[in-house]
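Undergrad: Handing you this structure, nothing more for now.
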Amino acid sequence: MKLDMLTFIVVFLIALAVTGMSTPFVRRAAIWFGFVDAPAQRKLHSSPMPLMGGVAIFAGAIIAVVIFAGALPRQVTAVLLASSVVALVGLIDDRRNLPAWAKMAGQFVGFAILAYWGVRVRLPIPLWLNYAITFVWLAGISNAINFLDNMDGLSAGVSGVAAAFILLMGLQNDQILVSALAAAVLGACLGFLRYNFKPAQIFMGDAGALFLGFLLAVLALQLRFPENSNFVTWMVPVFILGLPIFDTTLVTISRIRRGVSPNTAGKDHTSHRLVALGFSQREAVLILYLFAGIFGLIALFVTQATVWEGYGIGTAVALVALYAIYKLIQVER
């Protein structure tokens, strides 16, 4: 069976419907099984919040893709299996609060599965360095999306924006696997946002955030642009996921300056600083959606850019981002 545009629309709609319809049931199950996030000083919610939203996101994305698995490349098995391992570790963490090394171990297992199936960075450098960069990228983006899950609707919305740009670029280059999975992720994110946008009724938890981060990292890594040079297009995945990368960089620099571990929870993310500047939580989230879209548009430009254009825009964005970090660090939380 050959996949056409209608098929990708169907994948999107299935993911949207499955996640949207299953989330209320998952919410009840979370309360029943004790997957609840209690209020704390460093958290924004004032009442216990169910945590298993990631299960609904996972179910929507996986079911939508598996229905058409027979028409997809064999590598889809590796991607689904690796993402499932990461999601399972996240789900256990939502209930048992695993140490950081245990979550990293789960991400390494996911990376190993992908590496076995040949999914990795393919730069003209030593093979071991390609594998190292692949793992750092996968783990980095997984945890960046998890870090970003600090305000109602933020992580799901930004992930949806990134998935939309990956879907668009995948379709432009006839990348079936990338497009189908991106359509599923987009549908699952939008289906979940119905219950996660402020005021949230359920959180995605680590199961959802790590799953989305890992899968988006894989999909962005798999994008190919045969009409342009890899010397330029390696920047495309970085821009697509530029917002979570920016937020993680901001938090890491801020906490190191204050002598605090980057793994410590806190109200010092980009969203919190926007609220401190006078924006409401909804406004802060929508502003970050906008910037996620701007990063995606820059990525789209880079796909067609010359070397000088690509590195020119890359340098300009890096300088603006560094200036923004400098200014935001000074904002009182």
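Going by the structure tokens order, chains are called A, B, ..., each with residues numbered from 1, while ligands are numbered from 1 in the order shown.
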Please report, as JSON, numbers by chain, each residue of range 49-183 of chain A to which DSSP assigns alpha helix (DSSP H) when run on this structure's backbone.

TA: {"A": [53, 54, 55, 56, 57, 58, 59, 60, 61, 62, 63, 64, 65, 66, 75, 76, 77, 78, 79, 80, 81, 82, 83, 84, 85, 86, 87, 88, 89, 90, 91, 92, 93, 94, 95, 96, 100, 101, 102, 103, 104, 105, 106, 107, 108, 109, 110, 111, 112, 113, 114, 115, 116, 127, 128, 129, 130, 131, 132, 133, 134, 135, 136, 137, 138, 139, 140, 141, 142, 143, 144, 145, 146, 147, 148, 154, 155, 156, 157, 158, 159, 160, 161, 162, 163, 164, 165, 166, 167, 168, 169, 170, 171, 172, 176, 177, 178, 179, 180, 181, 182, 183]}

Undergrad: Restrict the selected residues to C-alpha atoms and save them as a CSV table (one decimal), in the first residue's frame.

TA:
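New file part.csv:
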chain,number,residue,atom,x,y,z
A,53,GLY,CA,-1.6,12.0,30.5
A,54,GLY,CA,1.4,10.6,28.7
A,55,VAL,CA,-0.4,7.3,28.4
A,56,ALA,CA,-3.1,8.9,26.3
A,57,ILE,CA,-0.5,10.6,24.2
A,58,PHE,CA,1.4,7.4,23.7
A,59,ALA,CA,-1.7,5.4,22.9
A,60,GLY,CA,-2.9,7.9,20.3
A,61,ALA,CA,0.4,8.2,18.5
A,62,ILE,CA,1.2,4.5,18.6
A,63,ILE,CA,-2.2,3.2,17.5
A,64,ALA,CA,-2.4,5.7,14.7
A,65,VAL,CA,0.9,4.5,13.3
A,66,VAL,CA,0.5,0.8,13.9
A,75,GLN,CA,12.8,1.2,10.8
A,76,VAL,CA,9.4,2.1,12.2
A,77,THR,CA,9.6,-0.9,14.4
A,78,ALA,CA,12.9,0.4,16.0
A,79,VAL,CA,11.5,3.9,16.5
A,80,LEU,CA,8.3,2.6,18.1
A,81,LEU,CA,10.1,0.1,20.3
A,82,ALA,CA,12.8,2.6,21.4
A,83,SER,CA,10.1,5.3,22.1
A,84,SER,CA,8.0,2.8,24.1
A,85,VAL,CA,11.0,1.9,26.3
A,86,VAL,CA,11.5,5.6,27.1
A,87,ALA,CA,7.8,6.2,27.8
A,88,LEU,CA,7.7,3.2,30.1
A,89,VAL,CA,10.7,4.4,32.1
A,90,GLY,CA,8.9,7.8,32.3
A,91,LEU,CA,5.7,6.2,33.6
A,92,ILE,CA,7.6,4.3,36.3
A,93,ASP,CA,9.3,7.6,37.3
A,94,ASP,CA,5.8,9.3,37.6
A,95,ARG,CA,4.9,6.7,40.2
A,96,ARG,CA,8.2,5.9,41.9
A,100,ALA,CA,18.3,10.7,37.2
A,101,TRP,CA,20.7,7.8,36.2
A,102,ALA,CA,17.8,5.4,35.9
A,103,LYS,CA,15.9,7.7,33.5
A,104,MET,CA,19.1,8.2,31.5
A,105,ALA,CA,19.6,4.4,31.4
A,106,GLY,CA,16.2,4.1,29.8
A,107,GLN,CA,17.1,6.7,27.2
A,108,PHE,CA,20.4,4.8,26.5
A,109,VAL,CA,18.4,1.6,25.9
A,110,GLY,CA,16.2,3.5,23.4
A,111,PHE,CA,19.3,4.9,21.7
A,112,ALA,CA,20.9,1.4,21.6
A,113,ILE,CA,17.7,0.0,19.8
A,114,LEU,CA,17.9,2.8,17.2
A,115,ALA,CA,21.6,2.3,16.7
A,116,TYR,CA,21.1,-1.4,16.1
A,127,LEU,CA,31.7,6.4,13.6
A,128,TRP,CA,32.0,6.4,17.4
A,129,LEU,CA,31.6,10.2,17.4
A,130,ASN,CA,28.4,9.9,15.3
A,131,TYR,CA,27.0,7.5,17.9
A,132,ALA,CA,28.0,9.8,20.8
A,133,ILE,CA,26.4,12.8,19.1
A,134,THR,CA,23.2,10.7,18.5
A,135,PHE,CA,22.9,9.8,22.2
A,136,VAL,CA,23.6,13.3,23.4
A,137,TRP,CA,21.0,14.7,21.0
A,138,LEU,CA,18.3,12.1,21.9
A,139,ALA,CA,18.9,12.4,25.7
A,140,GLY,CA,19.2,16.2,25.5
A,141,ILE,CA,16.0,16.8,23.6
A,142,SER,CA,14.1,14.2,25.7
A,143,ASN,CA,15.0,16.0,28.9
A,144,ALA,CA,14.6,19.5,27.3
A,145,ILE,CA,10.9,18.7,26.5
A,146,ASN,CA,10.6,17.3,30.0
A,147,PHE,CA,12.1,20.5,31.5
A,148,LEU,CA,9.6,22.5,29.4
A,154,LEU,CA,3.3,24.4,27.3
A,155,SER,CA,5.1,21.2,26.5
A,156,ALA,CA,2.3,19.6,24.5
A,157,GLY,CA,1.7,22.8,22.5
A,158,VAL,CA,5.4,23.3,21.7
A,159,SER,CA,5.8,19.6,20.8
A,160,GLY,CA,2.8,20.0,18.5
A,161,VAL,CA,4.4,23.0,16.7
A,162,ALA,CA,7.6,21.1,16.2
A,163,ALA,CA,5.8,18.0,14.9
A,164,ALA,CA,3.9,20.2,12.4
A,165,PHE,CA,7.1,21.5,11.0
A,166,ILE,CA,8.6,18.1,10.8
A,167,LEU,CA,5.5,16.8,9.1
A,168,LEU,CA,5.7,19.6,6.5
A,169,MET,CA,9.4,19.0,5.8
A,170,GLY,CA,8.9,15.3,5.6
A,171,LEU,CA,6.1,15.6,3.1
A,172,GLN,CA,8.2,18.0,1.0
A,176,ILE,CA,7.1,8.4,4.7
A,177,LEU,CA,8.3,7.2,8.1
A,178,VAL,CA,9.0,10.8,9.3
A,179,SER,CA,5.7,12.2,8.0
A,180,ALA,CA,3.5,9.4,9.4
A,181,LEU,CA,5.0,9.6,12.9
A,182,ALA,CA,5.0,13.4,12.9
A,183,ALA,CA,1.3,13.4,11.9

Undergrad: May I ask which of the residues A:Glu227, A:Asp174, A:Asp152, A:Asp247 is the closest one to Arg282 in chain A, counting only C-alpha atoms?

TA: A:Asp152

Undergrad: Between CA of Asn97 in chain A and CA of Phe33 in chain A, what is the distance in Å, rounded to a tenth?

TA: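 Separation of CA of Asn97 in chain A and CA of Phe33 in chain A: 14.9 Å.
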
Undergrad: Give me, as a PyMOL selection string, all polymer residues having an atom no more than 12 Å from Trp234 in chain A, counting only C-alpha atoms and skipping those fewer than 6 positions away in the same chain.

TA: chain A and resi 121-124+220-225+228+240+299+302-303+305+307+310-311+314

Undergrad: Applying 12 Å and only C-alpha atoms, which residues near Arg28 in chain A remain after dropping the ones on its own chain fewer than 5 positions away? List them as an mmCIF file with N, CA and C atoms, in the first residue's frame.

TA:
data_model
loop_
_atom_site.group_PDB
_atom_site.id
_atom_site.type_symbol
_atom_site.label_atom_id
_atom_site.label_comp_id
_atom_site.auth_asym_id
_atom_site.auth_seq_id
_atom_site.Cartn_x
_atom_site.Cartn_y
_atom_site.Cartn_z
ATOM 1 N N SER A 22 -9.522 9.078 25.036
ATOM 2 C CA SER A 22 -8.986 8.248 26.117
ATOM 3 C C SER A 22 -8.514 9.056 27.323
ATOM 4 N N THR A 23 -8.220 10.335 27.143
ATOM 5 C CA THR A 23 -7.670 11.133 28.240
ATOM 6 C C THR A 23 -8.575 11.163 29.478
ATOM 7 N N PHE A 33 -4.942 4.692 40.570
ATOM 8 C CA PHE A 33 -3.663 4.022 40.815
ATOM 9 C C PHE A 33 -2.643 4.888 41.555
ATOM 10 N N GLY A 34 -3.005 6.100 41.871
ATOM 11 C CA GLY A 34 -2.113 6.950 42.649
ATOM 12 C C GLY A 34 -1.063 7.686 41.851
ATOM 13 N N PHE A 35 -1.270 7.839 40.546
ATOM 14 C CA PHE A 35 -0.358 8.636 39.724
ATOM 15 C C PHE A 35 -0.803 10.102 39.817
ATOM 16 N N VAL A 36 -0.453 10.724 40.928
ATOM 17 C CA VAL A 36 -0.920 12.085 41.207
ATOM 18 C C VAL A 36 0.260 12.954 41.625
ATOM 19 N N MET A 49 -2.877 16.722 41.061
ATOM 20 C CA MET A 49 -3.164 16.650 39.624
ATOM 21 C C MET A 49 -2.786 15.279 39.071
ATOM 22 N N PRO A 50 -3.719 14.594 38.377
ATOM 23 C CA PRO A 50 -3.400 13.300 37.758
ATOM 24 C C PRO A 50 -2.235 13.425 36.789
ATOM 25 N N LEU A 51 -1.404 12.385 36.710
ATOM 26 C CA LEU A 51 -0.131 12.472 35.987
ATOM 27 C C LEU A 51 -0.026 11.597 34.737
ATOM 28 N N MET A 52 -0.999 10.767 34.455
ATOM 29 C CA MET A 52 -0.821 9.761 33.410
ATOM 30 C C MET A 52 -1.228 10.219 32.018
ATOM 31 N N GLY A 53 -1.244 11.525 31.785
ATOM 32 C CA GLY A 53 -1.622 11.999 30.455
ATOM 33 C C GLY A 53 -0.738 11.458 29.358
ATOM 34 N N ALA A 56 -2.174 8.534 27.412
ATOM 35 C CA ALA A 56 -3.119 8.863 26.336
ATOM 36 C C ALA A 56 -2.377 9.357 25.096
ATOM 37 N N GLN A 201 -6.612 19.745 33.450
ATOM 38 C CA GLN A 201 -7.304 18.698 34.194
ATOM 39 C C GLN A 201 -6.393 17.500 34.433
ATOM 40 N N ILE A 202 -5.273 17.450 33.702
ATOM 41 C CA ILE A 202 -4.346 16.328 33.800
ATOM 42 C C ILE A 202 -2.985 16.777 33.271
#

Undergrad: Using only C-alpha atoms, which of the listed residues (A:Pro226, A:Ala30, A:Ile67, A:Asn150) sits closest to Ala284 in chain A?

TA: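 Closest to Ala284 in chain A, using only C-alpha atoms: A:Asn150.
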
Undergrad: Could you work out how far CA of Ser254 in chain A lies from CA of Ile329 in chain A, giving the answer in Å with one decimal?

TA: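 Answer for the CA of Ile329 in chain A to CA of Ser254 in chain A separation: 6.2 Å.
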
Undergrad: Skipping near chain neighbours, those fewer than 6 positions away, what residues fall within 10 Å of range 256-273 of chain A using only C-alpha atoms, listed as a PyMOL selection string?

TA: chain A and resi 41-44+100+143+147-151+154+243-244+246-250+279-288+325+328-333

Undergrad: Write to file, as a compact mmCIF listing (two decimals), in the first residue's frame, the residues of the selection just made, with N, CA and C atoms.

TA:
# COMPACT_ATOMS: atom_id res chain seq x y z
N GLN A 41 5.96 23.83 46.88
CA GLN A 41 6.38 25.22 46.79
C GLN A 41 6.89 25.58 45.40
N ARG A 42 7.59 24.63 44.75
CA ARG A 42 8.18 24.91 43.45
C ARG A 42 7.25 24.57 42.29
N LYS A 43 5.97 24.30 42.58
CA LYS A 43 5.02 23.95 41.53
C LYS A 43 3.89 24.96 41.49
N LEU A 44 3.24 25.08 40.33
CA LEU A 44 2.23 26.11 40.14
C LEU A 44 0.83 25.66 40.55
N ALA A 100 17.98 10.18 38.53
CA ALA A 100 18.30 10.67 37.18
C ALA A 100 19.02 9.62 36.35
N ASN A 143 15.06 15.33 27.60
CA ASN A 143 15.03 16.03 28.88
C ASN A 143 14.66 17.50 28.72
N PHE A 147 11.85 19.25 30.76
CA PHE A 147 12.07 20.50 31.48
C PHE A 147 10.99 21.52 31.13
N LEU A 148 10.59 21.52 29.87
CA LEU A 148 9.63 22.52 29.38
C LEU A 148 8.23 22.28 29.92
N ASP A 149 7.98 21.10 30.44
CA ASP A 149 6.65 20.75 30.95
C ASP A 149 6.46 21.35 32.34
N ASN A 150 6.41 22.69 32.40
CA ASN A 150 6.35 23.37 33.68
C ASN A 150 5.17 24.32 33.80
N MET A 151 4.31 24.35 32.78
CA MET A 151 3.14 25.22 32.80
C MET A 151 2.06 24.58 31.94
N LEU A 154 2.07 23.88 27.94
CA LEU A 154 3.29 24.37 27.30
C LEU A 154 4.01 23.28 26.51
N LEU A 243 13.17 26.12 20.80
CA LEU A 243 12.61 26.66 22.03
C LEU A 243 12.97 25.81 23.25
N PRO A 244 12.74 24.48 23.22
CA PRO A 244 13.17 23.69 24.38
C PRO A 244 14.68 23.76 24.62
N PHE A 246 16.56 26.39 23.99
CA PHE A 246 16.76 27.70 24.61
C PHE A 246 16.40 27.66 26.09
N ASP A 247 15.25 27.09 26.42
CA ASP A 247 14.79 27.05 27.80
C ASP A 247 15.76 26.25 28.68
N THR A 248 16.20 25.10 28.19
CA THR A 248 17.14 24.29 28.96
C THR A 248 18.46 25.01 29.16
N THR A 249 18.92 25.71 28.13
CA THR A 249 20.16 26.47 28.26
C THR A 249 20.02 27.58 29.28
N LEU A 250 18.91 28.30 29.23
CA LEU A 250 18.64 29.37 30.19
C LEU A 250 18.64 28.84 31.62
N PHE A 279 3.03 38.99 32.34
CA PHE A 279 2.11 38.23 31.51
C PHE A 279 1.37 37.20 32.36
N SER A 280 0.15 36.87 31.95
CA SER A 280 -0.56 35.77 32.60
C SER A 280 0.05 34.45 32.16
N GLN A 281 -0.31 33.38 32.83
CA GLN A 281 0.22 32.07 32.44
C GLN A 281 -0.22 31.71 31.03
N ARG A 282 -1.46 31.97 30.69
CA ARG A 282 -1.93 31.68 29.33
C ARG A 282 -1.16 32.49 28.29
N GLU A 283 -0.95 33.77 28.59
CA GLU A 283 -0.21 34.62 27.66
C GLU A 283 1.23 34.15 27.50
N ALA A 284 1.85 33.75 28.60
CA ALA A 284 3.23 33.26 28.53
C ALA A 284 3.33 32.03 27.65
N VAL A 285 2.37 31.12 27.80
CA VAL A 285 2.38 29.89 27.00
C VAL A 285 2.16 30.22 25.52
N LEU A 286 1.23 31.11 25.23
CA LEU A 286 0.96 31.48 23.84
C LEU A 286 2.15 32.20 23.21
N ILE A 287 2.84 33.01 23.99
CA ILE A 287 4.04 33.68 23.48
C ILE A 287 5.10 32.65 23.11
N LEU A 288 5.24 31.63 23.94
CA LEU A 288 6.24 30.59 23.66
C LEU A 288 5.81 29.72 22.47
N ILE A 325 18.89 35.34 26.90
CA ILE A 325 19.23 34.62 28.14
C ILE A 325 19.81 35.60 29.17
N LEU A 328 16.88 37.66 30.51
CA LEU A 328 15.90 36.89 31.30
C LEU A 328 16.49 36.44 32.63
N ILE A 329 17.79 36.18 32.68
CA ILE A 329 18.41 35.76 33.94
C ILE A 329 18.24 36.84 35.00
N GLN A 330 18.14 38.10 34.55
CA GLN A 330 18.01 39.21 35.50
C GLN A 330 16.59 39.41 36.00
N VAL A 331 15.64 38.68 35.39
CA VAL A 331 14.24 38.82 35.80
C VAL A 331 14.03 38.06 37.11
N GLU A 332 13.42 38.71 38.08
CA GLU A 332 13.15 38.06 39.37
C GLU A 332 11.98 37.10 39.20
N ARG A 333 12.15 35.90 39.79
CA ARG A 333 11.09 34.90 39.70
C ARG A 333 10.11 35.10 40.84

Undergrad: Could you check how far CA of Val11 in chain A sits from CA of Ala69 in chain A, in Å to one decimal?

TA: 10.9 Å
